[in-house]
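Novice: Got a structure here, written out as structure tokens. Questions coming.
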Amino acid sequence: MTGREAATRLHEAPRSRLLFLQKFLREGRRVASVAPSSQTLARAACRYVDPRQPQSIVELGAGTGAVTASALERCHPWSRLLAIEVDLDFVPILRASCPRALVIHGDAEHLDAHLSWAGFERIDVVISGLALPSLTAQARDAVLDGYHRHATPTAWFSQLTVMPLLFWPFYNRLFHEVRFEWALWNAPPGGVYHCRGLRARSGRSQRERSNA
């Protein structure tokens, strides 16, 4: 991290915390946390960001860049990071604090289109700050279908949560492999579901058959 990036993050931190709280109170279904992720949670979210080899990394719901910055610090110098954020208030803070990331103002539901625009042919890691269980079934399927079409066979989907283990059955229904990593020093205590191997979903299968 450059000195300029560190100074920008320090300057933006109070504004980020206030914005998160305001957004959570107004839009709790869409904004999954009352505050930006702590360093502990951010590090856990970046568990499968590999500093030893170039990767294509996608962050969904990047917020103001707490996890983005951690991923950029950890990743290989030749890795690419695409950060997608729908909230127009968060985007300029994200771009200022993480200039090395490719930041898109858009909805993760249009993941396919964003990947195409950015020239991402594959995904090695997805880090999701979305409130995935709270999304509509249509939006959730669009996100997961985009991930499925571009993910490498060993790709991880790392999902942040501030409700530890509550949604374990939910993610276990979606993925063949699910691991949970605690981030107890986050406020509130949270963790990350590290998931791999998306299961076939009946809703998607029925839509694909009807469109065939």
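Residues are referred to by chain and number: the chain letter is A, B, ... according to the order shown in the structure tokens, the number counts from 1 in that chain, and ligands are numbered separately from 1 in the order shown.
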Neighbours of stretch 108-110 of chain A within 8 Å (only C-alpha atoms; same-chain residues fewer than 4 positions away dropped), as a PDB file with C-alpha atoms, in the first residue's frame?
Specialist:
ATOM      1  CA  LEU A  60     -19.468  -8.444  -4.795  1.00  0.00           C
ATOM      2  CA  GLY A  61     -20.863  -5.673  -2.616  1.00  0.00           C
ATOM      3  CA  ILE A  84     -18.741  -4.379  -7.899  1.00  0.00           C
ATOM      4  CA  GLU A  85     -20.790  -1.996  -5.763  1.00  0.00           C
ATOM      5  CA  VAL A  86     -24.374  -0.857  -6.359  1.00  0.00           C
ATOM      6  CA  HIS A 114     -19.788  -6.869 -15.695  1.00  0.00           C
ATOM      7  CA  ALA A 139     -31.315 -12.068  -7.998  1.00  0.00           C
ATOM      8  CA  ARG A 140     -29.531 -14.811  -6.048  1.00  0.00           C
ATOM      9  CA  ALA A 142     -28.404 -14.579 -11.350  1.00  0.00           C
ATOM     10  CA  VAL A 143     -25.368 -14.033  -9.104  1.00  0.00           C
ATOM     11  CA  GLY A 146     -22.728 -15.900 -13.288  1.00  0.00           C
TER      12      GLY A 146
END
Novice: With only C-alpha atoms as the counted atoms, please give the residues lying no more than 7 Å from stretch 181-195 of chain A, apart from itself and same-chain residues fewer than 2 positions off, as a PDB file with N, CA and C atoms, in the first residue's frame.
Specialist:
ATOM      1  N   SER A  38     -14.080  -5.333   9.717  1.00  0.00           N
ATOM      2  CA  SER A  38     -12.849  -5.149  10.471  1.00  0.00           C
ATOM      3  C   SER A  38     -11.696  -5.816   9.723  1.00  0.00           C
ATOM      4  N   THR A  40      -9.857  -8.106  10.886  1.00  0.00           N
ATOM      5  CA  THR A  40      -9.961  -9.546  11.156  1.00  0.00           C
ATOM      6  C   THR A  40     -10.899 -10.219  10.161  1.00  0.00           C
ATOM      7  N   LEU A  41     -12.064  -9.631   9.944  1.00  0.00           N
ATOM      8  CA  LEU A  41     -13.021 -10.204   9.002  1.00  0.00           C
ATOM      9  C   LEU A  41     -12.504 -10.102   7.573  1.00  0.00           C
ATOM     10  N   ALA A  44      -9.978 -12.815   6.949  1.00  0.00           N
ATOM     11  CA  ALA A  44     -10.645 -14.107   6.803  1.00  0.00           C
ATOM     12  C   ALA A  44     -11.298 -14.224   5.433  1.00  0.00           C
ATOM     13  N   ALA A  45     -11.889 -13.131   4.952  1.00  0.00           N
ATOM     14  CA  ALA A  45     -12.545 -13.148   3.648  1.00  0.00           C
ATOM     15  C   ALA A  45     -11.547 -13.395   2.521  1.00  0.00           C
ATOM     16  N   TRP A 156     -13.154 -20.555  -5.238  1.00  0.00           N
ATOM     17  CA  TRP A 156     -13.839 -20.417  -3.955  1.00  0.00           C
ATOM     18  C   TRP A 156     -14.813 -19.245  -3.996  1.00  0.00           C
ATOM     19  N   PHE A 157     -15.918 -19.415  -3.283  1.00  0.00           N
ATOM     20  CA  PHE A 157     -16.903 -18.351  -3.074  1.00  0.00           C
ATOM     21  C   PHE A 157     -16.899 -18.069  -1.582  1.00  0.00           C
ATOM     22  N   SER A 158     -16.288 -16.961  -1.188  1.00  0.00           N
ATOM     23  CA  SER A 158     -16.140 -16.626   0.233  1.00  0.00           C
ATOM     24  C   SER A 158     -17.175 -15.580   0.608  1.00  0.00           C
ATOM     25  N   GLN A 159     -18.091 -15.961   1.487  1.00  0.00           N
ATOM     26  CA  GLN A 159     -19.249 -15.140   1.840  1.00  0.00           C
ATOM     27  C   GLN A 159     -19.126 -14.614   3.263  1.00  0.00           C
ATOM     28  N   LEU A 160     -19.080 -13.289   3.410  1.00  0.00           N
ATOM     29  CA  LEU A 160     -19.013 -12.689   4.740  1.00  0.00           C
ATOM     30  C   LEU A 160     -20.369 -12.780   5.424  1.00  0.00           C
ATOM     31  N   THR A 161     -20.334 -12.874   6.754  1.00  0.00           N
ATOM     32  CA  THR A 161     -21.566 -12.876   7.539  1.00  0.00           C
ATOM     33  C   THR A 161     -21.317 -12.260   8.903  1.00  0.00           C
ATOM     34  N   VAL A 162     -22.337 -11.615   9.454  1.00  0.00           N
ATOM     35  CA  VAL A 162     -22.277 -11.144  10.846  1.00  0.00           C
ATOM     36  C   VAL A 162     -23.299 -11.902  11.684  1.00  0.00           C
ATOM     37  N   MET A 163     -23.760 -13.039  11.144  1.00  0.00           N
ATOM     38  CA  MET A 163     -24.657 -13.935  11.873  1.00  0.00           C
ATOM     39  C   MET A 163     -24.040 -15.327  11.827  1.00  0.00           C
ATOM     40  N   PRO A 164     -22.976 -15.555  12.594  1.00  0.00           N
ATOM     41  CA  PRO A 164     -22.184 -16.778  12.480  1.00  0.00           C
ATOM     42  C   PRO A 164     -23.003 -18.061  12.576  1.00  0.00           C
ATOM     43  N   PHE A 175     -23.827 -25.365  -2.011  1.00  0.00           N
ATOM     44  CA  PHE A 175     -22.485 -25.799  -2.383  1.00  0.00           C
ATOM     45  C   PHE A 175     -22.180 -27.193  -1.823  1.00  0.00           C
ATOM     46  N   GLU A 177     -19.113 -28.141  -0.896  1.00  0.00           N
ATOM     47  CA  GLU A 177     -18.116 -27.994   0.178  1.00  0.00           C
ATOM     48  C   GLU A 177     -18.298 -26.636   0.852  1.00  0.00           C
ATOM     49  N   VAL A 178     -18.451 -26.647   2.173  1.00  0.00           N
ATOM     50  CA  VAL A 178     -18.628 -25.407   2.933  1.00  0.00           C
ATOM     51  C   VAL A 178     -17.743 -25.470   4.183  1.00  0.00           C
ATOM     52  N   ARG A 179     -16.909 -24.464   4.346  1.00  0.00           N
ATOM     53  CA  ARG A 179     -16.089 -24.320   5.548  1.00  0.00           C
ATOM     54  C   ARG A 179     -16.434 -22.985   6.194  1.00  0.00           C
TER      55      ARG A 179
END
Novice: So that I can check the surroundings of stretch 99-106 of chain A, please list as a list in words every protein, DNA and RNA residue that reaches within 8 Å of it, counting only C-alpha atoms and ignoring chain neighbours fewer than 5 positions away.
Specialist: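 Once the adjacent positions are removed, what remains is Glu5, Thr68, Leu72, Arg80, Leu81, Leu82, Ala83, Ile84, Glu85, Val86, Asp87, Leu88, Val91, Leu94 and His114 of chain A.
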Novice: Kindly indicate which residue among A:Ala66, A:Leu174, A:Ala71, A:Ile57 lies nearest to A:Asp145, using only C-alpha atoms for the distances.
Specialist: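 Comparing A:Ala66, A:Leu174, A:Ala71, A:Ile57 against A:Asp145, the winner is A:Leu174.
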Novice: Could you give me, as a PyMOL selection string, each residue of stretch 3-194 of chain A that DSSP assigns to strand (DSSP E or B) when run on this structure's backbone?
Specialist: chain A and resi 56-60+80-85+102-105+123-128+151-161+175-183+190-194
Novice: Could those residues be written to a file, using N, CA and C atoms, as a compact mmCIF listing (two decimals), in the first residue's frame?
Specialist:
# COMPACT_ATOMS: atom_id res chain seq x y z
N SER A 56 -7.78 -14.10 -10.88
CA SER A 56 -8.87 -13.20 -11.21
C SER A 56 -9.83 -13.19 -10.02
N ILE A 57 -9.90 -12.07 -9.33
CA ILE A 57 -10.65 -11.96 -8.08
C ILE A 57 -11.83 -11.02 -8.30
N VAL A 58 -13.00 -11.42 -7.84
CA VAL A 58 -14.20 -10.60 -7.96
C VAL A 58 -14.78 -10.37 -6.58
N GLU A 59 -15.05 -9.13 -6.26
CA GLU A 59 -15.70 -8.80 -4.99
C GLU A 59 -17.09 -8.26 -5.26
N LEU A 60 -18.07 -8.85 -4.63
CA LEU A 60 -19.47 -8.44 -4.79
C LEU A 60 -19.91 -7.67 -3.56
N ARG A 80 -5.77 -9.62 -10.89
CA ARG A 80 -6.73 -8.56 -11.21
C ARG A 80 -7.89 -8.65 -10.24
N LEU A 81 -8.37 -7.50 -9.79
CA LEU A 81 -9.47 -7.48 -8.85
C LEU A 81 -10.58 -6.57 -9.39
N LEU A 82 -11.74 -7.17 -9.58
CA LEU A 82 -12.93 -6.45 -10.01
C LEU A 82 -13.85 -6.29 -8.81
N ALA A 83 -14.13 -5.03 -8.44
CA ALA A 83 -14.99 -4.73 -7.30
C ALA A 83 -16.31 -4.15 -7.80
N ILE A 84 -17.42 -4.80 -7.44
CA ILE A 84 -18.74 -4.38 -7.90
C ILE A 84 -19.52 -3.84 -6.71
N GLU A 85 -20.04 -2.63 -6.84
CA GLU A 85 -20.79 -2.00 -5.76
C GLU A 85 -21.97 -1.22 -6.36
N LEU A 102 -10.36 -2.48 -10.15
CA LEU A 102 -11.27 -2.04 -11.20
C LEU A 102 -12.66 -2.00 -10.58
N VAL A 103 -13.18 -0.81 -10.37
CA VAL A 103 -14.44 -0.63 -9.64
C VAL A 103 -15.57 -0.37 -10.64
N ILE A 104 -16.64 -1.15 -10.51
CA ILE A 104 -17.83 -0.97 -11.33
C ILE A 104 -19.00 -0.58 -10.45
N HIS A 105 -19.66 0.50 -10.82
CA HIS A 105 -20.92 0.85 -10.16
C HIS A 105 -22.02 0.08 -10.86
N ILE A 123 -13.04 -16.82 -13.16
CA ILE A 123 -12.99 -16.35 -11.77
C ILE A 123 -12.25 -17.39 -10.94
N ASP A 124 -11.25 -16.95 -10.19
CA ASP A 124 -10.55 -17.83 -9.26
C ASP A 124 -11.08 -17.70 -7.83
N VAL A 125 -11.51 -16.50 -7.48
CA VAL A 125 -12.04 -16.24 -6.14
C VAL A 125 -13.16 -15.22 -6.23
N VAL A 126 -14.26 -15.50 -5.55
CA VAL A 126 -15.30 -14.50 -5.33
C VAL A 126 -15.35 -14.21 -3.84
N ILE A 127 -15.35 -12.93 -3.49
CA ILE A 127 -15.55 -12.49 -2.12
C ILE A 127 -16.85 -11.72 -2.09
N SER A 128 -17.81 -12.21 -1.34
CA SER A 128 -19.15 -11.61 -1.37
C SER A 128 -19.50 -10.94 -0.05
N ALA A 151 -16.44 -19.60 -13.07
CA ALA A 151 -15.54 -20.11 -12.03
C ALA A 151 -14.66 -21.24 -12.55
N THR A 152 -13.39 -21.22 -12.13
CA THR A 152 -12.51 -22.35 -12.41
C THR A 152 -12.96 -23.54 -11.54
N PRO A 153 -12.53 -24.77 -11.86
CA PRO A 153 -12.95 -25.93 -11.06
C PRO A 153 -12.58 -25.83 -9.58
N THR A 154 -11.55 -25.06 -9.25
CA THR A 154 -11.12 -24.96 -7.85
C THR A 154 -11.50 -23.62 -7.23
N ALA A 155 -12.35 -22.83 -7.89
CA ALA A 155 -12.68 -21.49 -7.41
C ALA A 155 -13.44 -21.53 -6.08
N TRP A 156 -13.15 -20.56 -5.24
CA TRP A 156 -13.84 -20.42 -3.96
C TRP A 156 -14.81 -19.25 -4.00
N PHE A 157 -15.92 -19.41 -3.28
CA PHE A 157 -16.90 -18.35 -3.07
C PHE A 157 -16.90 -18.07 -1.58
N SER A 158 -16.29 -16.96 -1.19
CA SER A 158 -16.14 -16.63 0.23
C SER A 158 -17.18 -15.58 0.61
N GLN A 159 -18.09 -15.96 1.49
CA GLN A 159 -19.25 -15.14 1.84
C GLN A 159 -19.13 -14.61 3.26
N LEU A 160 -19.08 -13.29 3.41
CA LEU A 160 -19.01 -12.69 4.74
C LEU A 160 -20.37 -12.78 5.42
N THR A 161 -20.33 -12.87 6.75
CA THR A 161 -21.57 -12.88 7.54
C THR A 161 -21.32 -12.26 8.90
N PHE A 175 -23.83 -25.36 -2.01
CA PHE A 175 -22.48 -25.80 -2.38
C PHE A 175 -22.18 -27.19 -1.82
N HIS A 176 -21.33 -27.92 -2.54
CA HIS A 176 -20.92 -29.25 -2.08
C HIS A 176 -19.95 -29.16 -0.89
N GLU A 177 -19.11 -28.14 -0.90
CA GLU A 177 -18.12 -27.99 0.18
C GLU A 177 -18.30 -26.64 0.85
N VAL A 178 -18.45 -26.65 2.17
CA VAL A 178 -18.63 -25.41 2.93
C VAL A 178 -17.74 -25.47 4.18
N ARG A 179 -16.91 -24.46 4.35
CA ARG A 179 -16.09 -24.32 5.55
C ARG A 179 -16.43 -22.99 6.19
N PHE A 180 -16.37 -22.93 7.51
CA PHE A 180 -16.66 -21.68 8.19
C PHE A 180 -15.44 -21.21 8.96
N GLU A 181 -15.11 -19.93 8.82
CA GLU A 181 -13.98 -19.33 9.53
C GLU A 181 -14.49 -18.18 10.40
N TRP A 182 -14.22 -18.27 11.69
CA TRP A 182 -14.68 -17.25 12.62
C TRP A 182 -13.86 -15.96 12.50
N ALA A 183 -14.52 -14.84 12.77
CA ALA A 183 -13.85 -13.55 12.93
C ALA A 183 -14.42 -12.91 14.19
N GLY A 190 -18.36 -12.03 13.63
CA GLY A 190 -18.81 -12.56 12.34
C GLY A 190 -17.95 -13.71 11.88
N GLY A 191 -17.93 -13.90 10.59
CA GLY A 191 -17.15 -14.98 10.01
C GLY A 191 -17.36 -15.04 8.51
N VAL A 192 -16.78 -16.07 7.92
CA VAL A 192 -16.83 -16.23 6.47
C VAL A 192 -17.14 -17.69 6.14
N TYR A 193 -18.12 -17.88 5.26
CA TYR A 193 -18.38 -19.19 4.67
C TYR A 193 -17.51 -19.30 3.42
N HIS A 194 -16.60 -20.25 3.43
CA HIS A 194 -15.79 -20.52 2.24
C HIS A 194 -16.42 -21.71 1.52
Novice: Between A:Cys46, A:Leu144, A:Leu198, A:Ile93, which residue has the minimum interatomic distance to A:Leu111, considering only C-alpha atoms?
Specialist: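 Among A:Cys46, A:Leu144, A:Leu198, A:Ile93, it is A:Leu144 that comes nearest to A:Leu111.
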